[in-house]
Amino acid sequence: MLSATSKETIRATLPAVGAAIDDITTLFYRKMFAAHPELERDLFNRGNQKQGGQQKALAGSIAAFAALQLEPDQARVDLILSRIANKHASLGVEPDQYQIVHKYLFEAIVEVLGDAVTAEVAAAWDELYWLMAETLIAMEAGLYRSAGVAAGDVWRKVLVRERRHESADTVSFVLTSTDGTPLPSFSPGQYLSVGVHLEDGARQIRQYSLSSAPSNADWRITVKRVDAKTLPDGSQAPAGEVSNFLYRNVFEGDVLEVTTPFGDLVLQDDDAPLLLISAGIGCTPMMGMLSHLADTADPREISVLHADRSPSSHAHRAELAELVDRLPFAVMHRWYEDLGARSPEDRLREGRADLGEITIAADTRAYLCGPLPFMLGMREALLKKGVAAQNIHYEVFGPDSWAAAPA
């Protein structure tokens, strides 16, 4: 908890810091990478840095955490920090690295805000930073303990046992241990990191959801190749470095470097009705959840909603239908922007996902994964249907800007 003096200083200066936070985080990354180029090369996602997504996510999380010290909402604080801690654990972040962040973040604050950063202001924001950092360090230590590893020691080599196309631009990889020993178990919905060495010598890391049920025998991840594209504002989004490397270069018998699974999008152990909502490659954590639910013959009411560009682009399309058929009280709804020659039918619709005609019980637990605008739209629709905000869970592929969204 912040001291009373620091809380009042944060309250007085948050508008100014909040207005400049994008400039601060952009300068922070530039200064840190200039001093530690190995961090950009081998730890951070270079694609997200180029597009500014990571800077916005960091700015959002800092601003949200600061605001929540003034108007406490512990559940929201836990949500924000849990997601960050799991991502950090999946990257193998260690406590000493928070000192590096502190140094360059505060240099950026002073440079951007200038004389406004008095000794009192600096002390208050320093206290806030270490409150957030020390909470994350403790959470990450707990995650490492639960995984049975030392802090940061999350990497292992695995063998690609099978490679299979799930759609034209999507492949799945079944991974097994290199020595025949069991792989660590995981909770349905979690992810692991994959590290690859690219042609320029960089070691880039990306997270991929486990798209199978927990098993000691193997893990499965599903990777969608990301092509370069022009965004609505005219800027160019680069092709995915790691997704294209995996799609083009990794086959049966190859060895990959991956981490122990982490992630906080996991099924709650209760009997509440379930609603699994996904779009595009966001189906992957849902596949893991559904596989587990089918394997355990879960008796709950389960609704599965998926949106995609077309049936041919829908990864795991046939497998999804098979899993829903195995569940006694499950129903599936699908939307495709382009149905091709197929005609709409019951629970198969053309266009974008719309919850208007879907019956959803108020005590439903909803799990969302897909593009952020899609999930925010689904969240708003769920709230209007009476689903409690705390029962809406999500996973973001990429920098998590949800933290900055209205509660």
# chains A, B, ... in the order shown; residues from 1 in each chain; ligands from 1
call {"tool": "select_by_dssp", "arguments": {"residues": "range 214-397 of chain A", "states": "strand (DSSP E)", "output": "PyMOL selection string"}}
result
chain A and resi 219-224+229-230+236-237+255-259+274-279+302-308+330-336+348-350+365-369+392-395
call {"tool": "closest_atom_pairs", "arguments": {"of": "range 114-198 of chain A", "to": "range 27-45 of chain A", "cutoff": "10 Å", "atoms": "only C-alpha atoms", "output": "JSON lines"}}
result
{"residue": "A:Gly195", "atom": "CA", "partner": "A:Asp42", "partner_atom": "CA", "distance": 8.8}
{"residue": "A:Val196", "atom": "CA", "partner": "A:Asp42", "partner_atom": "CA", "distance": 9.4}
{"residue": "A:His197", "atom": "CA", "partner": "A:Asp42", "partner_atom": "CA", "distance": 8.9}
call {"tool": "closest_residue", "arguments": {"among": "A:Glu301, A:Arg352, A:Ser278, A:Arg334", "to": "Leu368 in chain A", "atoms": "only C-alpha atoms"}}
result
A:Ser278
call {"tool": "closest_residue", "arguments": {"among": "A:Gly92, A:Gly282, A:Gly60, A:Pro184", "to": "Trp155 in chain A", "atoms": "only C-alpha atoms"}}
result
A:Gly92
call {"tool": "closest_residue", "arguments": {"among": "A:Thr260, A:Val226, A:Glu107, A:Arg203", "to": "Leu183 in chain A", "atoms": "only C-alpha atoms"}}
result
A:Thr260
call {"tool": "select_by_dssp", "arguments": {"residues": "range 84-178 of chain A", "states": "helix (DSSP H, G or I)", "output": "PyMOL selection string"}}
result
chain A and resi 84-91+97-116+119-147
call {"tool": "decode", "arguments": {"residues": "range 77-100 of chain A", "atoms": "N, CA, C and O atoms", "output": "PDB file, in the first residue's frame"}}
result
ATOM      1  N   VAL A  77      -6.676  -5.031  -9.647  1.00  0.00           N
ATOM      2  CA  VAL A  77      -5.211  -5.046  -9.489  1.00  0.00           C
ATOM      3  C   VAL A  77      -4.684  -6.459  -9.695  1.00  0.00           C
ATOM      4  O   VAL A  77      -3.701  -6.682 -10.408  1.00  0.00           O
ATOM      5  N   ASP A  78      -5.338  -7.432  -9.056  1.00  0.00           N
ATOM      6  CA  ASP A  78      -4.897  -8.824  -9.188  1.00  0.00           C
ATOM      7  C   ASP A  78      -4.955  -9.288 -10.640  1.00  0.00           C
ATOM      8  O   ASP A  78      -4.062 -10.004 -11.106  1.00  0.00           O
ATOM      9  N   LEU A  79      -6.007  -8.885 -11.364  1.00  0.00           N
ATOM     10  CA  LEU A  79      -6.138  -9.276 -12.764  1.00  0.00           C
ATOM     11  C   LEU A  79      -4.984  -8.723 -13.589  1.00  0.00           C
ATOM     12  O   LEU A  79      -4.331  -9.450 -14.339  1.00  0.00           O
ATOM     13  N   ILE A  80      -4.714  -7.423 -13.448  1.00  0.00           N
ATOM     14  CA  ILE A  80      -3.656  -6.794 -14.226  1.00  0.00           C
ATOM     15  C   ILE A  80      -2.305  -7.426 -13.919  1.00  0.00           C
ATOM     16  O   ILE A  80      -1.546  -7.808 -14.821  1.00  0.00           O
ATOM     17  N   LEU A  81      -1.989  -7.566 -12.639  1.00  0.00           N
ATOM     18  CA  LEU A  81      -0.672  -8.056 -12.261  1.00  0.00           C
ATOM     19  C   LEU A  81      -0.514  -9.553 -12.522  1.00  0.00           C
ATOM     20  O   LEU A  81       0.579 -10.016 -12.855  1.00  0.00           O
ATOM     21  N   SER A  82      -1.580 -10.321 -12.379  1.00  0.00           N
ATOM     22  CA  SER A  82      -1.498 -11.753 -12.670  1.00  0.00           C
ATOM     23  C   SER A  82      -1.126 -11.997 -14.127  1.00  0.00           C
ATOM     24  O   SER A  82      -0.299 -12.862 -14.445  1.00  0.00           O
ATOM     25  N   ARG A  83      -1.711 -11.232 -15.020  1.00  0.00           N
ATOM     26  CA  ARG A  83      -1.423 -11.415 -16.441  1.00  0.00           C
ATOM     27  C   ARG A  83       0.020 -11.051 -16.747  1.00  0.00           C
ATOM     28  O   ARG A  83       0.699 -11.729 -17.507  1.00  0.00           O
ATOM     29  N   ILE A  84       0.495  -9.946 -16.140  1.00  0.00           N
ATOM     30  CA  ILE A  84       1.884  -9.541 -16.356  1.00  0.00           C
ATOM     31  C   ILE A  84       2.831 -10.579 -15.766  1.00  0.00           C
ATOM     32  O   ILE A  84       3.821 -10.967 -16.393  1.00  0.00           O
ATOM     33  N   ALA A  85       2.543 -11.047 -14.555  1.00  0.00           N
ATOM     34  CA  ALA A  85       3.426 -12.005 -13.891  1.00  0.00           C
ATOM     35  C   ALA A  85       3.525 -13.306 -14.676  1.00  0.00           C
ATOM     36  O   ALA A  85       4.617 -13.881 -14.816  1.00  0.00           O
ATOM     37  N   ASN A  86       2.406 -13.801 -15.181  1.00  0.00           N
ATOM     38  CA  ASN A  86       2.454 -15.031 -15.969  1.00  0.00           C
ATOM     39  C   ASN A  86       3.257 -14.843 -17.251  1.00  0.00           C
ATOM     40  O   ASN A  86       4.024 -15.722 -17.647  1.00  0.00           O
ATOM     41  N   LYS A  87       3.079 -13.695 -17.913  1.00  0.00           N
ATOM     42  CA  LYS A  87       3.861 -13.436 -19.120  1.00  0.00           C
ATOM     43  C   LYS A  87       5.357 -13.359 -18.791  1.00  0.00           C
ATOM     44  O   LYS A  87       6.195 -13.925 -19.506  1.00  0.00           O
ATOM     45  N   HIS A  88       5.686 -12.668 -17.689  1.00  0.00           N
ATOM     46  CA  HIS A  88       7.087 -12.580 -17.282  1.00  0.00           C
ATOM     47  C   HIS A  88       7.668 -13.951 -16.962  1.00  0.00           C
ATOM     48  O   HIS A  88       8.800 -14.263 -17.344  1.00  0.00           O
ATOM     49  N   ALA A  89       6.902 -14.769 -16.246  1.00  0.00           N
ATOM     50  CA  ALA A  89       7.392 -16.108 -15.912  1.00  0.00           C
ATOM     51  C   ALA A  89       7.633 -16.915 -17.181  1.00  0.00           C
ATOM     52  O   ALA A  89       8.608 -17.674 -17.276  1.00  0.00           O
ATOM     53  N   SER A  90       6.762 -16.755 -18.164  1.00  0.00           N
ATOM     54  CA  SER A  90       6.917 -17.481 -19.415  1.00  0.00           C
ATOM     55  C   SER A  90       8.126 -17.013 -20.213  1.00  0.00           C
ATOM     56  O   SER A  90       8.605 -17.733 -21.084  1.00  0.00           O
ATOM     57  N   LEU A  91       8.616 -15.825 -19.909  1.00  0.00           N
ATOM     58  CA  LEU A  91       9.833 -15.323 -20.552  1.00  0.00           C
ATOM     59  C   LEU A  91      11.074 -15.597 -19.720  1.00  0.00           C
ATOM     60  O   LEU A  91      12.193 -15.351 -20.179  1.00  0.00           O
ATOM     61  N   GLY A  92      10.873 -16.062 -18.489  1.00  0.00           N
ATOM     62  CA  GLY A  92      12.021 -16.301 -17.614  1.00  0.00           C
ATOM     63  C   GLY A  92      12.577 -15.032 -16.993  1.00  0.00           C
ATOM     64  O   GLY A  92      13.771 -14.938 -16.708  1.00  0.00           O
ATOM     65  N   VAL A  93      11.726 -14.033 -16.777  1.00  0.00           N
ATOM     66  CA  VAL A  93      12.169 -12.776 -16.176  1.00  0.00           C
ATOM     67  C   VAL A  93      12.649 -13.037 -14.745  1.00  0.00           C
ATOM     68  O   VAL A  93      12.033 -13.793 -13.990  1.00  0.00           O
ATOM     69  N   GLU A  94      13.750 -12.378 -14.373  1.00  0.00           N
ATOM     70  CA  GLU A  94      14.332 -12.535 -13.041  1.00  0.00           C
ATOM     71  C   GLU A  94      14.268 -11.217 -12.279  1.00  0.00           C
ATOM     72  O   GLU A  94      14.199 -10.142 -12.883  1.00  0.00           O
ATOM     73  N   PRO A  95      14.315 -11.258 -10.936  1.00  0.00           N
ATOM     74  CA  PRO A  95      14.155 -10.035 -10.138  1.00  0.00           C
ATOM     75  C   PRO A  95      15.134  -8.921 -10.488  1.00  0.00           C
ATOM     76  O   PRO A  95      14.758  -7.743 -10.485  1.00  0.00           O
ATOM     77  N   ASP A  96      16.393  -9.253 -10.793  1.00  0.00           N
ATOM     78  CA  ASP A  96      17.385  -8.214 -11.080  1.00  0.00           C
ATOM     79  C   ASP A  96      17.003  -7.355 -12.282  1.00  0.00           C
ATOM     80  O   ASP A  96      17.446  -6.198 -12.389  1.00  0.00           O
ATOM     81  N   GLN A  97      16.199  -7.887 -13.172  1.00  0.00           N
ATOM     82  CA  GLN A  97      15.842  -7.127 -14.363  1.00  0.00           C
ATOM     83  C   GLN A  97      14.929  -5.949 -14.042  1.00  0.00           C
ATOM     84  O   GLN A  97      14.839  -5.000 -14.829  1.00  0.00           O
ATOM     85  N   TYR A  98      14.264  -5.986 -12.893  1.00  0.00           N
ATOM     86  CA  TYR A  98      13.439  -4.844 -12.498  1.00  0.00           C
ATOM     87  C   TYR A  98      14.298  -3.619 -12.185  1.00  0.00           C
ATOM     88  O   TYR A  98      13.820  -2.481 -12.300  1.00  0.00           O
ATOM     89  N   GLN A  99      15.531  -3.829 -11.759  1.00  0.00           N
ATOM     90  CA  GLN A  99      16.440  -2.698 -11.532  1.00  0.00           C
ATOM     91  C   GLN A  99      16.763  -1.995 -12.843  1.00  0.00           C
ATOM     92  O   GLN A  99      16.849  -0.765 -12.902  1.00  0.00           O
ATOM     93  N   ILE A 100      16.951  -2.777 -13.907  1.00  0.00           N
ATOM     94  CA  ILE A 100      17.239  -2.193 -15.215  1.00  0.00           C
ATOM     95  C   ILE A 100      16.055  -1.363 -15.683  1.00  0.00           C
ATOM     96  O   ILE A 100      16.208  -0.225 -16.150  1.00  0.00           O
TER      97      ILE A 100
END
